[in-house]
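See below for upload.cif, which holds mmCIF, C-alpha atoms.
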```cif
data_entry
loop_
_atom_site.label_atom_id
_atom_site.label_comp_id
_atom_site.auth_asym_id
_atom_site.auth_seq_id
_atom_site.Cartn_x
_atom_site.Cartn_y
_atom_site.Cartn_z
CA MET A 1 50.83 71.96 -19.86
CA SER A 2 54.24 72.98 -21.17
CA THR A 3 56.57 70.09 -21.92
CA THR A 4 59.57 72.09 -20.83
CA ALA A 5 60.89 72.97 -17.40
CA PRO A 6 58.57 74.89 -15.06
CA ILE A 7 57.99 78.43 -16.23
CA ARG A 8 59.88 81.15 -14.37
CA PRO A 9 59.64 84.90 -14.83
CA ARG A 10 61.82 86.22 -17.63
CA ARG A 11 63.43 88.62 -15.19
CA GLU A 12 64.82 85.74 -13.13
CA GLY A 13 66.04 84.02 -16.28
CA ARG A 14 67.93 87.14 -17.32
CA ARG A 15 69.35 87.59 -13.83
CA VAL A 16 70.57 84.00 -13.77
CA ALA A 17 72.14 84.41 -17.22
CA ILE A 18 74.00 87.51 -16.08
CA ALA A 19 75.06 85.81 -12.86
CA THR A 20 76.45 82.80 -14.71
CA MET A 21 78.29 85.05 -17.16
CA VAL A 22 79.85 87.16 -14.38
CA GLY A 23 80.82 84.13 -12.32
CA THR A 24 82.30 82.26 -15.27
CA THR A 25 84.21 85.38 -16.32
CA ILE A 26 85.77 85.53 -12.85
CA GLU A 27 86.56 81.81 -12.93
CA TRP A 28 88.35 82.11 -16.25
CA TYR A 29 90.07 85.35 -15.29
CA ASP A 30 91.67 83.36 -12.47
CA PHE A 31 92.52 80.52 -14.84
CA PHE A 32 94.03 82.71 -17.57
CA ILE A 33 95.95 85.01 -15.25
CA TYR A 34 97.96 81.98 -14.12
CA ALA A 35 98.72 80.91 -17.70
CA ASN A 36 99.88 84.38 -18.71
CA THR A 37 102.02 84.89 -15.62
CA ALA A 38 103.55 81.43 -16.00
CA ALA A 39 104.75 82.47 -19.45
CA LEU A 40 106.28 85.66 -18.08
CA VAL A 41 107.89 85.10 -14.67
CA PHE A 42 107.16 81.77 -12.98
CA ALA A 43 110.19 80.09 -14.54
CA GLN A 44 112.44 82.64 -12.84
CA LEU A 45 110.56 82.85 -9.56
CA PHE A 46 109.78 79.20 -8.84
CA PHE A 47 111.84 76.93 -11.10
CA GLU A 48 115.10 78.82 -11.79
CA PRO A 49 117.42 76.12 -10.29
CA LEU A 50 116.41 73.81 -13.17
CA GLY A 51 118.10 76.06 -15.71
CA ALA A 52 116.47 78.53 -18.09
CA GLN A 53 115.07 76.11 -20.69
CA ALA A 54 113.94 73.38 -18.29
CA ALA A 55 112.43 75.98 -15.96
CA LEU A 56 110.33 77.39 -18.79
CA LEU A 57 109.13 73.91 -19.80
CA VAL A 58 108.17 73.05 -16.23
CA SER A 59 106.44 76.41 -15.84
CA PHE A 60 104.29 75.66 -18.91
CA ALA A 61 103.74 72.12 -17.63
CA THR A 62 102.10 73.52 -14.50
CA VAL A 63 99.62 75.26 -16.80
CA GLY A 64 98.72 71.98 -18.46
CA ILE A 65 98.56 69.90 -15.29
CA SER A 66 95.25 71.51 -14.39
CA PHE A 67 93.59 69.71 -17.33
CA LEU A 68 94.30 66.36 -15.72
CA PHE A 69 92.27 67.34 -12.67
CA ARG A 70 89.28 68.73 -14.55
CA PRO A 71 87.60 65.31 -14.82
CA LEU A 72 87.92 64.88 -11.04
CA GLY A 73 86.27 68.26 -10.50
CA ALA A 74 83.59 67.29 -13.00
CA ILE A 75 82.92 64.02 -11.20
CA VAL A 76 82.68 65.55 -7.72
CA ALA A 77 80.71 68.65 -8.71
CA GLY A 78 78.56 66.60 -11.08
CA HIS A 79 77.57 64.14 -8.35
CA LEU A 80 76.80 66.89 -5.85
CA GLY A 81 75.10 69.03 -8.50
CA ASP A 82 72.71 66.20 -9.34
CA ARG A 83 72.15 65.39 -5.67
CA VAL A 84 72.42 68.69 -3.76
CA GLY A 85 71.73 71.33 -6.38
CA ARG A 86 73.23 73.42 -9.18
CA ARG A 87 73.52 76.70 -7.27
CA ALA A 88 75.52 75.25 -4.38
CA MET A 89 78.14 73.94 -6.82
CA LEU A 90 78.39 77.32 -8.55
CA VAL A 91 79.24 78.95 -5.25
CA MET A 92 81.64 76.17 -4.19
CA THR A 93 83.66 76.18 -7.40
CA LEU A 94 83.87 79.97 -7.44
CA VAL A 95 85.17 80.05 -3.87
CA LEU A 96 87.74 77.33 -4.59
CA MET A 97 89.04 79.09 -7.69
CA GLY A 98 89.13 82.51 -6.05
CA ALA A 99 90.85 81.24 -2.92
CA ALA A 100 93.50 79.38 -4.93
CA THR A 101 94.18 82.43 -7.09
CA THR A 102 94.53 84.75 -4.10
CA LEU A 103 96.85 82.34 -2.30
CA ILE A 104 99.10 82.14 -5.38
CA GLY A 105 99.53 85.90 -5.07
CA LEU A 106 100.74 85.41 -1.48
CA LEU A 107 103.16 82.54 -2.14
CA PRO A 108 106.85 82.83 -1.26
CA THR A 109 109.23 82.33 -4.17
CA TYR A 110 111.91 79.65 -4.47
CA ALA A 111 114.51 82.12 -3.21
CA ALA A 112 112.53 82.58 0.01
CA ALA A 113 111.14 79.09 0.69
CA GLY A 114 113.09 76.63 -1.45
CA ILE A 115 111.35 73.57 -2.84
CA VAL A 116 108.21 74.29 -0.79
CA ALA A 117 107.37 77.24 -3.07
CA PRO A 118 106.96 75.31 -6.37
CA ILE A 119 105.16 72.47 -4.57
CA LEU A 120 102.58 74.90 -3.19
CA LEU A 121 102.26 76.55 -6.60
CA VAL A 122 101.49 73.22 -8.29
CA LEU A 123 98.99 72.26 -5.59
CA LEU A 124 97.11 75.53 -6.00
CA ARG A 125 97.11 75.08 -9.78
CA ILE A 126 95.57 71.65 -9.25
CA VAL A 127 92.81 73.29 -7.19
CA GLN A 128 92.20 75.69 -10.08
CA GLY A 129 91.89 72.78 -12.50
CA PHE A 130 89.54 70.93 -10.15
CA SER A 131 87.36 74.03 -9.86
CA ALA A 132 87.32 74.67 -13.62
CA GLY A 133 86.21 71.08 -14.21
CA GLY A 134 83.17 71.45 -11.99
CA GLU A 135 82.18 75.03 -12.64
CA TRP A 136 81.11 75.01 -16.27
CA GLY A 137 78.44 72.36 -15.92
CA GLY A 138 76.67 74.21 -13.12
CA ALA A 139 76.80 77.56 -14.91
CA ALA A 140 75.54 76.03 -18.15
CA LEU A 141 72.63 74.22 -16.50
CA MET A 142 71.57 77.19 -14.40
CA ALA A 143 71.39 79.37 -17.51
CA VAL A 144 69.64 76.79 -19.71
CA GLU A 145 67.23 75.40 -17.09
CA HIS A 146 66.08 78.94 -16.23
CA ALA A 147 65.74 79.96 -19.89
CA PRO A 148 62.34 80.82 -21.42
CA ASP A 149 60.93 78.44 -24.02
CA GLY A 150 62.69 78.77 -27.36
CA LYS A 151 65.61 80.77 -25.95
CA ARG A 152 67.83 78.12 -24.38
CA GLY A 153 70.58 78.72 -26.92
CA LEU A 154 70.66 82.46 -26.30
CA PHE A 155 70.52 82.20 -22.51
CA GLY A 156 72.95 79.27 -22.54
CA SER A 157 75.50 81.37 -24.40
CA ALA A 158 75.83 83.63 -21.32
CA PRO A 159 78.22 81.35 -19.38
CA GLN A 160 80.07 80.67 -22.65
CA LEU A 161 80.91 84.37 -22.83
CA GLY A 162 82.84 84.02 -19.58
CA VAL A 163 85.80 82.45 -21.38
CA PRO A 164 86.54 85.28 -23.85
CA PHE A 165 85.58 87.91 -21.27
CA GLY A 166 87.81 86.25 -18.67
CA MET A 167 90.73 86.30 -21.06
CA LEU A 168 90.13 89.93 -21.98
CA LEU A 169 89.97 90.88 -18.30
CA ALA A 170 93.12 88.92 -17.47
CA SER A 171 95.02 90.44 -20.40
CA GLY A 172 93.89 93.94 -19.45
CA VAL A 173 94.86 93.67 -15.79
CA LEU A 174 98.18 92.10 -16.72
CA ALA A 175 98.92 94.79 -19.33
CA ILE A 176 98.19 97.57 -16.83
CA THR A 177 100.31 95.93 -14.13
CA THR A 178 103.31 95.42 -16.39
CA ALA A 179 103.05 99.01 -17.61
CA VAL A 180 102.89 100.43 -14.07
CA PHE A 181 105.65 98.34 -12.49
CA GLY A 182 107.98 97.86 -15.45
CA PRO A 183 109.97 94.65 -16.07
CA ASP A 184 111.99 94.71 -12.84
CA GLY A 185 109.13 95.80 -10.60
CA PHE A 186 106.81 93.24 -12.13
CA LEU A 187 109.30 90.46 -11.46
CA GLU A 188 109.88 91.62 -7.89
CA PHE A 189 106.30 92.26 -6.74
CA GLY A 190 103.99 93.38 -9.53
CA TRP A 191 103.14 89.85 -10.67
CA ARG A 192 101.25 89.35 -7.41
CA ILE A 193 98.74 92.15 -8.07
CA PRO A 194 96.60 90.35 -10.71
CA PHE A 195 96.28 87.37 -8.35
CA LEU A 196 95.37 89.51 -5.34
CA VAL A 197 92.73 91.30 -7.42
CA GLY A 198 91.06 87.89 -7.51
CA VAL A 199 89.82 88.30 -3.94
CA VAL A 200 87.79 91.37 -4.94
CA LEU A 201 86.32 89.53 -7.91
CA LEU A 202 85.59 86.55 -5.64
CA VAL A 203 83.47 88.67 -3.30
CA VAL A 204 81.55 90.19 -6.22
CA GLY A 205 80.95 86.82 -7.83
CA PHE A 206 79.92 85.22 -4.53
CA ILE A 207 77.29 87.88 -3.87
CA ILE A 208 75.87 87.64 -7.38
CA ARG A 209 75.73 83.85 -7.47
CA ARG A 210 74.18 83.57 -4.01
CA SER A 211 71.40 85.91 -5.09
CA VAL A 212 69.93 83.70 -7.80
CA GLU A 213 67.30 81.00 -7.36
CA GLU A 214 67.99 77.29 -7.70
CA SER A 215 67.31 75.66 -11.05
CA PRO A 216 63.58 74.93 -11.52
CA VAL A 217 64.50 71.58 -13.08
CA PHE A 218 66.42 70.50 -10.00
CA LEU A 219 63.66 71.73 -7.69
CA GLU A 220 61.13 69.56 -9.53
CA LEU A 221 63.46 66.57 -9.42
CA ARG A 222 63.86 67.02 -5.68
CA GLU A 223 60.14 67.44 -5.04
CA SER A 224 59.25 64.39 -7.12
CA LYS A 225 62.03 62.37 -5.46
CA ALA A 226 63.37 61.52 -8.93
CA ARG A 227 67.00 62.31 -8.20
CA SER A 228 69.53 59.59 -8.89
CA LYS A 229 71.22 58.17 -5.79
CA MET A 230 74.45 57.56 -7.70
CA PRO A 231 74.33 59.84 -10.76
CA LEU A 232 77.88 59.10 -11.93
CA VAL A 233 77.34 55.34 -11.74
CA GLU A 234 74.05 55.66 -13.59
CA LEU A 235 75.66 57.91 -16.19
CA LEU A 236 78.58 55.57 -16.90
CA ARG A 237 76.39 52.47 -16.85
CA LYS A 238 73.72 53.77 -19.24
CA HIS A 239 75.33 56.63 -21.18
CA TRP A 240 79.12 56.13 -21.19
CA TRP A 241 79.31 56.11 -24.97
CA LEU A 242 77.23 59.30 -25.09
CA VAL A 243 79.74 61.00 -22.80
CA ILE A 244 82.51 60.12 -25.27
CA LEU A 245 80.53 61.33 -28.28
CA VAL A 246 79.58 64.60 -26.63
CA ALA A 247 83.20 65.13 -25.57
CA LEU A 248 84.24 64.68 -29.20
CA THR A 249 81.77 67.37 -30.31
CA PHE A 250 83.73 69.79 -28.10
CA ALA A 251 87.25 68.58 -28.93
CA GLY A 252 87.50 70.38 -32.27
CA ASN A 253 86.31 73.64 -30.78
CA ASN A 254 88.68 73.41 -27.83
CA ALA A 255 91.66 72.64 -30.06
CA ALA A 256 90.81 75.67 -32.21
CA GLY A 257 90.55 77.92 -29.17
CA TYR A 258 93.85 76.89 -27.61
CA MET A 259 95.65 77.24 -30.93
CA SER A 260 94.64 80.87 -31.28
CA THR A 261 93.82 82.56 -27.98
CA GLY A 262 95.66 79.82 -26.09
CA GLY A 263 99.08 80.89 -27.27
CA TYR A 264 100.26 78.82 -30.24
CA VAL A 265 99.84 81.55 -32.86
CA LEU A 266 101.55 83.97 -30.47
CA SER A 267 104.46 81.57 -30.07
CA TYR A 268 104.67 80.80 -33.81
CA ALA A 269 104.60 84.44 -34.89
CA THR A 270 107.17 85.58 -32.33
CA THR A 271 109.62 82.67 -32.40
CA VAL A 272 109.49 81.59 -36.05
CA HIS A 273 108.94 85.01 -37.61
CA GLY A 274 110.44 87.17 -34.84
CA MET A 275 107.43 89.50 -34.69
CA ASP A 276 106.71 91.88 -31.83
CA ARG A 277 104.90 90.17 -28.96
CA THR A 278 102.76 93.17 -28.08
CA GLN A 279 101.41 93.51 -31.63
CA ILE A 280 100.41 89.85 -31.75
CA LEU A 281 98.80 90.13 -28.33
CA TRP A 282 96.64 92.94 -29.65
CA CYS A 283 95.61 90.70 -32.55
CA VAL A 284 94.68 87.95 -30.09
CA THR A 285 92.73 90.45 -27.99
CA LEU A 286 90.75 91.58 -31.04
CA ALA A 287 90.09 87.95 -31.94
CA SER A 288 88.80 87.33 -28.41
CA ALA A 289 86.30 90.16 -28.81
CA VAL A 290 85.13 88.62 -32.08
CA TRP A 291 84.89 85.28 -30.30
CA ALA A 292 82.58 86.78 -27.69
CA CYS A 293 80.30 88.30 -30.34
CA THR A 294 80.07 85.13 -32.43
CA THR A 295 79.49 83.02 -29.32
CA LEU A 296 76.42 85.09 -28.48
CA PHE A 297 75.34 84.96 -32.13
CA GLY A 298 75.83 81.18 -32.26
CA GLY A 299 73.57 80.64 -29.27
CA TRP A 300 70.89 82.92 -30.72
CA LEU A 301 71.16 81.31 -34.15
CA SER A 302 70.63 77.82 -32.72
CA ASP A 303 67.26 79.05 -31.40
CA ARG A 304 66.43 80.84 -34.64
CA TRP A 305 67.20 77.78 -36.75
CA ARG A 306 65.57 75.48 -34.17
CA SER A 307 68.66 73.29 -34.40
CA ARG A 308 71.94 73.16 -32.48
CA ARG A 309 73.36 70.68 -35.00
CA LYS A 310 73.07 72.98 -38.02
CA VAL A 311 75.01 75.75 -36.25
CA TYR A 312 77.69 73.28 -35.16
CA LEU A 313 78.05 71.95 -38.71
CA VAL A 314 78.38 75.43 -40.19
CA GLY A 315 80.97 76.36 -37.56
CA TYR A 316 83.09 73.26 -38.07
CA ALA A 317 82.83 73.55 -41.86
CA LEU A 318 84.22 77.09 -41.57
CA GLN A 319 87.01 75.77 -39.32
CA ILE A 320 88.04 73.26 -41.99
CA LEU A 321 87.90 75.89 -44.73
CA TRP A 322 89.93 78.44 -42.74
CA ALA A 323 92.54 76.05 -41.31
CA PHE A 324 94.96 76.77 -44.16
CA PRO A 325 94.35 80.52 -44.69
CA LEU A 326 94.85 80.94 -40.93
CA PHE A 327 98.60 80.33 -41.11
CA LEU A 328 99.07 81.60 -44.65
CA LEU A 329 98.03 85.04 -43.44
CA VAL A 330 100.18 84.74 -40.31
CA ASP A 331 103.14 83.96 -42.59
CA THR A 332 102.71 87.33 -44.31
CA GLN A 333 104.02 88.90 -41.07
CA ILE A 334 101.61 91.80 -41.65
CA VAL A 335 99.84 92.68 -38.41
CA VAL A 336 96.56 93.63 -40.10
CA MET A 337 96.50 90.32 -41.98
CA ILE A 338 97.15 88.39 -38.76
CA ALA A 339 94.34 90.26 -37.01
CA ILE A 340 91.96 89.41 -39.87
CA SER A 341 93.10 85.79 -39.90
CA LEU A 342 92.58 85.25 -36.17
CA SER A 343 89.27 87.11 -36.14
CA ALA A 344 87.94 84.99 -39.01
CA TRP A 345 89.11 81.87 -37.18
CA MET A 346 87.20 82.87 -34.07
CA VAL A 347 83.96 83.10 -36.07
CA SER A 348 84.02 79.33 -36.46
CA THR A 349 85.01 78.92 -32.81
CA GLY A 350 82.14 81.08 -31.60
CA LEU A 351 79.56 79.25 -33.71
CA THR A 352 80.61 75.93 -32.19
CA TYR A 353 80.78 77.36 -28.65
CA GLY A 354 77.66 79.50 -28.36
CA PRO A 355 75.06 76.67 -28.63
CA GLN A 356 77.10 74.29 -26.46
CA ALA A 357 75.39 74.80 -23.10
CA ALA A 358 71.91 74.24 -24.52
CA TYR A 359 73.14 71.41 -26.74
CA PHE A 360 74.75 69.49 -23.87
CA ALA A 361 71.85 70.11 -21.49
CA GLU A 362 69.26 68.80 -23.96
CA ILE A 363 71.25 65.64 -24.67
CA PHE A 364 71.53 64.26 -21.12
CA PRO A 365 68.63 63.09 -18.93
CA SER A 366 67.86 65.42 -16.03
CA ARG A 367 68.74 62.79 -13.37
CA VAL A 368 72.38 62.71 -14.48
CA ARG A 369 72.61 65.97 -16.42
CA TYR A 370 75.17 67.81 -14.26
CA SER A 371 77.46 64.77 -14.23
CA GLY A 372 77.02 64.24 -17.97
CA VAL A 373 77.69 67.78 -19.17
CA SER A 374 80.59 68.33 -16.75
CA LEU A 375 82.41 65.10 -17.53
CA SER A 376 81.89 65.53 -21.29
CA TYR A 377 83.25 69.07 -21.13
CA ALA A 378 86.30 68.04 -19.10
CA LEU A 379 87.12 65.10 -21.38
CA GLY A 380 86.58 67.21 -24.48
CA ALA A 381 89.06 69.76 -23.15
CA ILE A 382 91.68 67.03 -22.64
CA LEU A 383 91.08 65.52 -26.10
CA GLY A 384 91.02 68.95 -27.73
CA GLY A 385 92.97 71.77 -26.12
CA ALA A 386 95.20 70.19 -23.49
CA PHE A 387 97.81 68.98 -25.94
CA ALA A 388 96.92 70.98 -29.07
CA PRO A 389 99.78 73.53 -28.75
CA THR A 390 102.26 70.73 -28.00
CA ILE A 391 101.07 68.63 -30.96
CA ALA A 392 101.15 71.67 -33.24
CA THR A 393 104.67 72.58 -32.14
CA TRP A 394 105.87 69.03 -32.74
CA LEU A 395 104.23 68.89 -36.18
CA GLN A 396 105.69 72.21 -37.28
CA GLN A 397 109.18 71.36 -36.03
CA SER A 398 109.27 67.79 -37.34
CA THR A 399 107.82 68.53 -40.78
CA GLY A 400 109.10 72.06 -41.23
CA TRP A 401 105.70 72.86 -42.80
CA ILE A 402 103.04 74.86 -40.99
CA GLY A 403 100.45 73.27 -43.26
CA SER A 404 100.75 70.10 -41.16
CA VAL A 405 99.21 72.05 -38.28
CA SER A 406 96.36 73.13 -40.55
CA ILE A 407 95.71 69.49 -41.45
CA TYR A 408 95.66 68.59 -37.76
CA LEU A 409 93.06 71.30 -37.01
CA ALA A 410 90.94 70.25 -40.00
CA LEU A 411 91.00 66.63 -38.81
CA MET A 412 89.94 67.68 -35.31
CA ALA A 413 86.99 69.55 -36.82
CA ALA A 414 86.11 66.51 -38.94
CA VAL A 415 86.06 64.28 -35.86
CA SER A 416 83.70 66.70 -34.13
CA ILE A 417 81.46 66.83 -37.21
CA ALA A 418 81.20 63.04 -37.16
CA ALA A 419 80.20 63.08 -33.48
CA VAL A 420 77.62 65.85 -34.08
CA LEU A 421 76.05 63.86 -36.92
CA VAL A 422 75.72 60.74 -34.77
CA ILE A 423 74.04 62.45 -31.81
CA LYS A 424 70.38 63.28 -32.14
CA ASP A 425 69.54 66.99 -32.18
CA ARG A 426 67.12 67.43 -29.29
CA TRP A 427 66.27 71.10 -29.82
CA GLY A 428 63.33 72.07 -27.62
CA ALA A 429 63.08 68.65 -25.96
CA PRO A 430 61.70 68.54 -22.39
CA LEU A 431 64.35 69.26 -19.77
CA ILE A 432 62.50 67.00 -17.34
CA GLU A 433 61.49 63.50 -18.41
CA ARG A 434 57.85 62.73 -17.73
CA GLU A 435 55.95 59.47 -17.81
CA ASP A 436 54.15 60.47 -21.00
CA SER A 437 57.30 61.73 -22.73
CA ALA A 438 58.72 59.88 -25.70
CA PRO A 439 61.65 57.62 -24.81
CA ARG A 440 64.97 59.44 -24.87
CA GLU A 441 66.90 58.35 -27.94
CA PRO A 442 70.19 60.25 -28.00
CA VAL A 443 71.52 58.76 -31.26
CA ALA A 444 70.30 60.12 -34.55
CA ALA A 445 68.31 57.87 -36.85
CA HIS A 446 69.73 57.68 -40.36
#
```
Please go through the file and, once you have read it, give me the structure as structure tokens.
Amino acid sequence: MSTTAPIRPRREGRRVAIATMVGTTIEWYDFFIYANTAALVFAQLFFEPLGAQAALLVSFATVGISFLFRPLGAIVAGHLGDRVGRRAMLVMTLVLMGAATTLIGLLPTYAAAGIVAPILLVLLRIVQGFSAGGEWGGAALMAVEHAPDGKRGLFGSAPQLGVPFGMLLASGVLAITTAVFGPDGFLEFGWRIPFLVGVVLLVVGFIIRRSVEESPVFLELRESKARSKMPLVELLRKHWWLVILVALTFAGNNAAGYMSTGGYVLSYATTVHGMDRTQILWCVTLASAVWACTTLFGGWLSDRWRSRRKVYLVGYALQILWAFPLFLLVDTQIVVMIAISLSAWMVSTGLTYGPQAAYFAEIFPSRVRYSGVSLSYALGAILGGAFAPTIATWLQQSTGWIGSVSIYLALMAAVSIAAVLVIKDRWGAPLIEREDSAPREPVAAH
């Protein structure tokens, strides 16, 4: 008998992988379209009475506030995902995100509704953060728990691709909209179009996600009556330290991502060096495409090497090595050099992102797996990306030396390396614990 999850046809595994990738792409399209639009027009439309500078700060703050509600989404979706099923949570989080995005496109502005407008905007952003916190865990587990033996890394990289694809889609729709409407038209009405497009994507994603079968691991847990009654309580009582360690393995990757595709390099190049925004955006877009390719490669490589840890270590070692050249090339103010710098940076990011779904899924016991992977992911995002651009901006301004930001990124990678070395690499371990299985020992023996 196989020691892995029940065997399912490869066709279903591929269909689930595609479904998780499409759904996650839609989720992150919704998430990124808000961040991009907040940088462009929300300060004027919703927070203008605060004054230009304060309005811009508050507009960016609404982007960050969603991070604070990711753990709540992870807790709720994790509990229900371990109790009710993975597929139901995929559909629920997609509907929540899509509905919030569409409603943002229908909101009145401050000029039309006064203080009610920004309050509603913040509330809908909170819903987006809640949804993002619960969505990833379900997508990751569906892809990995349906994967054929020996291909969990490759299949698990499918939902990971949703982040770079979502950003590419959001950037493309936004670029087309701004080109069609022009600056004045975009401010007046055009900004709503990318949000209203979300309803079409929601319908497509809903149909695709409803069409896939439930995770075979969850079905076996349900049939054997092995589900935890209180998965979050069990997780925090028995594995709280593991949640922290796993979150730290993600923190370095998330910090790297939000420094590059998340806007810091764009801000640094345009404000400090006065470079053209459009040219830098094209560099970021190219880097996102590289990120997608290396994410897929990282997942495949973790299967090929029969080790998630080795791929993580290579990726984080490259992050440390490239932390200084990253900004040295940006400082040349040569567009081609910046494109090369960001693309090289995203190689390390992809290698530490591609194996993540399989890595997280193999670490946590099946009874509390959804809760474990979701909470670890949400906490890792807070420790890594939530404040990375703010910290980097403060370091650069206070020291006057961009190398301080490079040191910060290298230290984040070092912390993640330490966490990866402590956690046992469970490549190929059973996804369902059986009575004759070896005891789960998540910490590496040295």
Give one line per residue of stretch 101-160 of chain A that approaches stretch 26-33 of chain A to at most 10 Å, naming the two atoms of the closest pair and their distance in Å to one decimal, counting all atoms listed in the file; sort by chain then ascending residue number and deliver it as CSV.
```
residue,atom,partner,partner_atom,distance
A:Thr101,CA,A:Asp30,CA,6.0
A:Thr102,CA,A:Asp30,CA,9.0
A:Arg125,CA,A:Phe31,CA,8.7
A:Gln128,CA,A:Phe31,CA,6.8
A:Gly129,CA,A:Phe31,CA,8.1
A:Ser131,CA,A:Glu27,CA,8.4
A:Ala132,CA,A:Glu27,CA,7.2
A:Glu135,CA,A:Glu27,CA,8.1
A:Trp136,CA,A:Glu27,CA,9.3
```
task = For the structure shown, which residues end up in the PyMOL selection byres ((chain A and resi 238-251) around 9)? Put them as number ranges by chain, please?
result = A: 233-237, 252-256, 312, 352-353, 356, 360, 363-364, 372-373, 375-385, 412-413, 415-420, 422-423, 442-443
request  = Report the residues retrieved by the PyMOL selection byres ((chain A and resi 45-57) around 9) from the displayed file, expressed as number ranges by chain.
outcome  = A: 38-39, 41-44, 58-62, 108-111, 114-115, 117-118, 121, 187-188
Any chance you could tabulate, as JSON lines, the residues of stretch 210-286 of chain A at most 12 Å from stretch 200-206 of chain A with each one's nearest atom pair and distance in Å to one decimal, using all atoms listed in the file, in chain and rising number order?
```
{"residue": "A:Arg210", "atom": "CA", "partner": "A:Phe206", "partner_atom": "CA", "distance": 6.0}
{"residue": "A:Ser211", "atom": "CA", "partner": "A:Phe206", "partner_atom": "CA", "distance": 8.6}
{"residue": "A:Val212", "atom": "CA", "partner": "A:Phe206", "partner_atom": "CA", "distance": 10.6}
```
Residues within 9 Å of (91.4, 85.0, -2.8), counting only C-alpha atoms, listed as a VMD selection string = chain A and resid 95 to 105 195 to 203
inquiry  = Within 8 Å of (88.0, 86.7, -30.7) (file coordinates; all atoms listed in the file), which protein or nucleic acid residues are there? I'd like them as a ChimeraX atom specification.
reply    = /A:164,261,284-293,342-343,346-347
task = To one decimal in Å, tell me the separation between atom CA of A:Asp303 and atom CA of A:Arg152.
result =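 Atom-to-atom, atom CA of A:Asp303 and atom CA of A:Arg152 are spaced 7.1 Å apart.
Residue nearest A:Ile391 within the list A:Leu296, A:Trp345, A:Ser371, A:Met259: A:Met259 [criterion: smallest interatomic distance, all atoms listed in the file].
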task = Run through the PyMOL selection byres ((chain A and resi 80) around 12) on the given coordinates and return the selected residues as a PyMOL selection string.
result = chain A and resi 73-79+81-90+92-93+134-135+137-138+218+227-232+367-371+374
key: Residue nearest A:Arg209 among A:Gln397, A:Ala19, A:Leu421, A:Leu409 (counting all atoms listed in the file)   =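 Nearest candidate to A:Arg209 out of A:Gln397, A:Ala19, A:Leu421, A:Leu409: A:Ala19.
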What are the centre and edge lengths in Å, to one decimal, of the axis-aligned box around all listed atoms of stretch 161-171 of chain A with 8 Å added on each side, as AutoDock Vina command-line options?
```
--center_x 88.0 --center_y 86.7 --center_z -20.7 --size_x 30.1 --size_y 24.4 --size_z 22.4
```
query = From the set A:Leu120, A:Pro355, A:Leu141, A:Leu94, which residue has the shortest atom-to-atom contact distance to A:Arg304, counting only C-alpha atoms?
reply =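 Answer, going by the shortest atom-to-atom distance: A:Pro355.
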Using the structure block above, produce a file of stretch 184-194 of chain A that contains N, CA and C atoms, as an mmCIF file, in the first residue's frame.
```cif
data_model
loop_
_atom_site.group_PDB
_atom_site.id
_atom_site.type_symbol
_atom_site.label_atom_id
_atom_site.label_comp_id
_atom_site.auth_asym_id
_atom_site.auth_seq_id
_atom_site.Cartn_x
_atom_site.Cartn_y
_atom_site.Cartn_z
ATOM 1 N N ASP A 184 -7.322 62.439 -16.719
ATOM 2 C CA ASP A 184 -8.567 63.015 -16.196
ATOM 3 C C ASP A 184 -9.700 62.004 -16.197
ATOM 4 N N GLY A 185 -9.836 61.268 -17.286
ATOM 5 C CA GLY A 185 -10.896 60.270 -17.368
ATOM 6 C C GLY A 185 -10.708 59.140 -16.380
ATOM 7 N N PHE A 186 -9.443 58.779 -16.148
ATOM 8 C CA PHE A 186 -9.171 57.718 -15.172
ATOM 9 C C PHE A 186 -9.565 58.169 -13.774
ATOM 10 N N LEU A 187 -9.252 59.410 -13.438
ATOM 11 C CA LEU A 187 -9.601 59.934 -12.119
ATOM 12 C C LEU A 187 -11.107 60.045 -11.947
ATOM 13 N N GLU A 188 -11.811 60.403 -13.013
ATOM 14 C CA GLU A 188 -13.250 60.608 -12.921
ATOM 15 C C GLU A 188 -14.032 59.305 -12.867
ATOM 16 N N PHE A 189 -13.697 58.354 -13.741
ATOM 17 C CA PHE A 189 -14.467 57.107 -13.795
ATOM 18 C C PHE A 189 -13.610 55.881 -14.099
ATOM 19 N N GLY A 190 -12.555 56.063 -14.879
ATOM 20 C CA GLY A 190 -11.789 54.919 -15.367
ATOM 21 C C GLY A 190 -11.245 54.016 -14.290
ATOM 22 N N TRP A 191 -10.926 54.563 -13.113
ATOM 23 C CA TRP A 191 -10.366 53.746 -12.031
ATOM 24 C C TRP A 191 -11.310 52.639 -11.601
ATOM 25 N N ARG A 192 -12.608 52.810 -11.861
ATOM 26 C CA ARG A 192 -13.589 51.800 -11.449
ATOM 27 C C ARG A 192 -13.535 50.536 -12.327
ATOM 28 N N ILE A 193 -13.115 50.687 -13.565
ATOM 29 C CA ILE A 193 -13.168 49.575 -14.518
ATOM 30 C C ILE A 193 -12.393 48.345 -14.041
ATOM 31 N N PRO A 194 -11.127 48.486 -13.603
ATOM 32 C CA PRO A 194 -10.405 47.283 -13.150
ATOM 33 C C PRO A 194 -11.102 46.556 -12.000
#
```
